[in-house]
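Colleague: I have a structure here, written as structure tokens, and I will follow up with some questions on it.
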Amino acid sequence: MHFSWDDSRRAFGDAAQWFVRTVPLVGERWDRPGLGEWDVRALVGHTSRSFLTVESYLDRPASSIEISSPADYVRATRSVAAGPAVAERGREAGDALGADPTAAVAEIARRVLALIDTLDGSEWVTTLVGGMRLADYLPTRSFELAVHTADLATALGEPLDVPTTAATQALQIITDLAITDGLAGPLMLAATGRPGLPEGYSLV
């Protein structure tokens with residue numbers, strides 16, 4: 001599964017803007033429960049890393065390609081994502097947003113979106129789990145932005161207005177994971193109004 005660079009840029013941009021629009025709705029509720037052990041500030045901090053890793057990985061060009069698709073990246077990072085280091089990095093990223101997290105998020109997004117506009121997707125980047133083409137890595141950032149902005153909106157009681165472009169890529173990644181992992185059946189039944197997903201069912 002691969003996406004065109006134009007589609008991926010648009011999905012990333014739309015997901016970024018949804019996140020940037022949602023963060024100001026926090027108001028003073030930064031200590032409110034966000035997701036799991038994260039409060040809202042840590043959730044926003046973790047989500048902001050969807051921008052920051054693009055910058056940092058571009059600074060480390062890969063010498064070879066080990067991960068060839070967005071779904072392969074999500075699959076390869078499952079064990080890392082479940083570890084305590086991710087939770088701690090989220091808290092650290094939230095703290096790093098400083099006294100005005102809303103302004104910090106808007107500036108980070110502006111900077112990275114401007115950077116993406118100068119690229120063509122052929123760049124090789126060194127990710128946490130190996131080398132990738134930027135064109136294959138960027139949809140994973142749209143996926144993260146879409147899912148975690150939905151988490152944030154849920155924590156704040158706001159509508160889940162996922163942009164169509166970002167939802168399309170995120171759901172295609174989820175579908176790819178479900179099919180290749182042999183877990184499509186329960187997802188298909190739940191999505192068509194049958195009884196809910198089995199306890200513990202997750203594709204990430």
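Labeling convention for the structure tokens: chains A, B, ... as they appear, residues from 1 per chain, ligands from 1 in order of appearance.
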Taking only chain A into account, list the residues labelled strand (DSSP E) by DSSP (computed from the backbone), as JSON, numbers by chain.
Modeller: {"A": [33, 34, 35, 38, 39, 124, 125, 126, 127, 130, 131, 132, 133]}
Colleague: Please identify the alpha helix (DSSP H) residues within segment 38-199 of chain A (assignment by DSSP from backbone atoms) and present them as a PyMOL selection string.
Modeller: chain A and resi 40-58+70-76+78-81+84-96+101-116+134-156+164-180+184-191
Colleague: Could you pull the residues within 10 Å of segment 130-132 of chain A, counting only C-alpha atoms, minus those fewer than 5 positions along the same chain, as a JSON list (two decimals) with N, CA and C atoms, in the first residue's frame?
Modeller:
```json
[["chain", "number", "residue", "atom", "x", "y", "z"],
["A", 57, "TYR", "N", 14.03, 13.31, 11.63],
["A", 57, "TYR", "CA", 14.37, 12.18, 10.75],
["A", 57, "TYR", "C", 14.95, 12.68, 9.42],
["A", 60, "ARG", "N", 18.55, 13.07, 9.43],
["A", 60, "ARG", "CA", 19.34, 11.84, 9.45],
["A", 60, "ARG", "C", 18.99, 11.02, 8.22],
["A", 61, "PRO", "N", 19.50, 11.40, 7.06],
["A", 61, "PRO", "CA", 19.17, 10.66, 5.83],
["A", 61, "PRO", "C", 19.56, 9.19, 5.95],
["A", 62, "ALA", "N", 18.68, 8.32, 5.49],
["A", 62, "ALA", "CA", 18.94, 6.88, 5.54],
["A", 62, "ALA", "C", 19.88, 6.47, 4.41],
["A", 63, "SER", "N", 20.65, 5.42, 4.65],
["A", 63, "SER", "CA", 21.52, 4.87, 3.62],
["A", 63, "SER", "C", 20.89, 3.67, 2.93],
["A", 64, "SER", "N", 19.80, 3.15, 3.49],
["A", 64, "SER", "CA", 19.08, 2.03, 2.88],
["A", 64, "SER", "C", 17.62, 2.08, 3.34],
["A", 65, "ILE", "N", 16.78, 1.35, 2.65],
["A", 65, "ILE", "CA", 15.35, 1.31, 2.97],
["A", 65, "ILE", "C", 15.03, -0.03, 3.61],
["A", 66, "GLU", "N", 14.63, 0.00, 4.88],
["A", 66, "GLU", "CA", 14.23, -1.23, 5.58],
["A", 66, "GLU", "C", 12.71, -1.37, 5.70],
["A", 67, "ILE", "N", 12.00, -0.24, 5.74],
["A", 67, "ILE", "CA", 10.55, -0.25, 5.93],
["A", 67, "ILE", "C", 9.92, 0.31, 4.66],
["A", 68, "SER", "N", 9.06, -0.47, 4.02],
["A", 68, "SER", "CA", 8.63, -0.10, 2.67],
["A", 68, "SER", "C", 7.21, 0.43, 2.57],
["A", 69, "SER", "N", 6.46, 0.48, 3.67],
["A", 69, "SER", "CA", 5.09, 1.00, 3.58],
["A", 69, "SER", "C", 4.66, 1.56, 4.93],
["A", 70, "PRO", "N", 3.62, 2.40, 4.94],
["A", 70, "PRO", "CA", 3.12, 2.93, 6.22],
["A", 70, "PRO", "C", 2.67, 1.83, 7.17],
["A", 73, "TYR", "N", 5.51, 0.18, 8.87],
["A", 73, "TYR", "CA", 6.06, 1.02, 9.94],
["A", 73, "TYR", "C", 5.24, 0.85, 11.22],
["A", 76, "ALA", "N", 5.97, -2.46, 12.72],
["A", 76, "ALA", "CA", 7.32, -2.55, 13.29],
["A", 76, "ALA", "C", 7.46, -1.79, 14.60],
["A", 122, "SER", "N", 10.72, 11.90, -2.16],
["A", 122, "SER", "CA", 11.74, 10.91, -2.51],
["A", 122, "SER", "C", 12.86, 10.83, -1.47],
["A", 123, "GLU", "N", 12.86, 11.76, -0.52],
["A", 123, "GLU", "CA", 13.91, 11.80, 0.50],
["A", 123, "GLU", "C", 13.89, 10.53, 1.35],
["A", 124, "TRP", "N", 15.07, 10.06, 1.70],
["A", 124, "TRP", "CA", 15.20, 8.91, 2.59],
["A", 124, "TRP", "C", 15.45, 9.41, 4.01],
["A", 125, "VAL", "N", 14.67, 8.87, 4.96],
["A", 125, "VAL", "CA", 14.80, 9.31, 6.34],
["A", 125, "VAL", "C", 15.08, 8.10, 7.24],
["A", 137, "TYR", "N", 6.73, 7.46, 4.94],
["A", 137, "TYR", "CA", 6.69, 7.83, 6.36],
["A", 137, "TYR", "C", 5.61, 8.86, 6.66],
["A", 138, "LEU", "N", 5.41, 9.84, 5.78],
["A", 138, "LEU", "CA", 4.48, 10.93, 6.08],
["A", 138, "LEU", "C", 3.06, 10.44, 6.38]]
```
Colleague: Have a look at A:Arg78, A:His2, A:Arg41, A:Arg10 and name the one nearest to Ile173 of chain A; count only C-alpha atoms.
Modeller: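 Closest to Ile173 of chain A of all the choices is A:His2.
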Colleague: Return the single residue from A:Ala184, A:Pro101, A:Ala146, A:Gly45 that is closest to Thr168 of chain A, with distances computed using only C-alpha atoms.
Modeller: A:Ala146
Colleague: Show me, as an mmCIF file with N, CA and C atoms, in the first residue's frame, the residues that have an atom within 10 Å of Leu119 of chain A when counting only C-alpha atoms, minus same-chain residues fewer than 6 positions from it.
Modeller:
```
data_model
loop_
_atom_site.group_PDB
_atom_site.id
_atom_site.type_symbol
_atom_site.label_atom_id
_atom_site.label_comp_id
_atom_site.auth_asym_id
_atom_site.auth_seq_id
_atom_site.Cartn_x
_atom_site.Cartn_y
_atom_site.Cartn_z
ATOM 1 N N TRP A 5 2.334 11.288 -3.422
ATOM 2 C CA TRP A 5 2.897 12.355 -2.602
ATOM 3 C C TRP A 5 1.897 13.497 -2.436
ATOM 4 N N ARG A 9 0.640 14.755 1.178
ATOM 5 C CA ARG A 9 0.839 16.141 1.628
ATOM 6 C C ARG A 9 -0.496 16.757 2.038
ATOM 7 N N LEU A 134 10.432 9.260 2.577
ATOM 8 C CA LEU A 134 9.538 10.219 3.218
ATOM 9 C C LEU A 134 8.098 10.010 2.756
ATOM 10 N N ALA A 135 7.917 9.669 1.476
ATOM 11 C CA ALA A 135 6.564 9.469 0.947
ATOM 12 C C ALA A 135 5.831 8.344 1.672
#
```
Colleague: Near Gln172 of chain A, counting only C-alpha atoms, which residues have an atom at most 10 Å away, once you skip same-chain residues fewer than 3 positions from it, shown as a list in words?
Modeller: Met1, His2, Phe3, Pro70, Ala71, Phe143, Ala166, Ala167, Thr168, Gln169, Thr175, Asp176, Leu177 and Ala178 of chain A
Colleague: Find the distance between atom CA of Pro198 of chain A and atom CA of Gly185 of chain A and write it in Å to one decimal.
Modeller: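 Going from atom CA of Pro198 of chain A over to atom CA of Gly185 of chain A covers 10.9 Å.
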Colleague: Have a look at atom CA of Pro186 of chain A and atom CA of Ile174 of chain A and let me know their distance in Å, one decimal.
Modeller: 12.8 Å
Colleague: Measuring atom to atom with only C-alpha atoms, identify which of A:Phe51, A:Trp38, A:Phe12, A:Tyr201 is nearest to Val105 of chain A.
Modeller: A:Phe51
Colleague: For the atom pair atom CA of Asp6 of chain A and atom CA of Pro159 of chain A, what is the interatomic distance in Å to one decimal place?
Modeller: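 Answer for the atom CA of Asp6 of chain A to atom CA of Pro159 of chain A separation: 27.2 Å.
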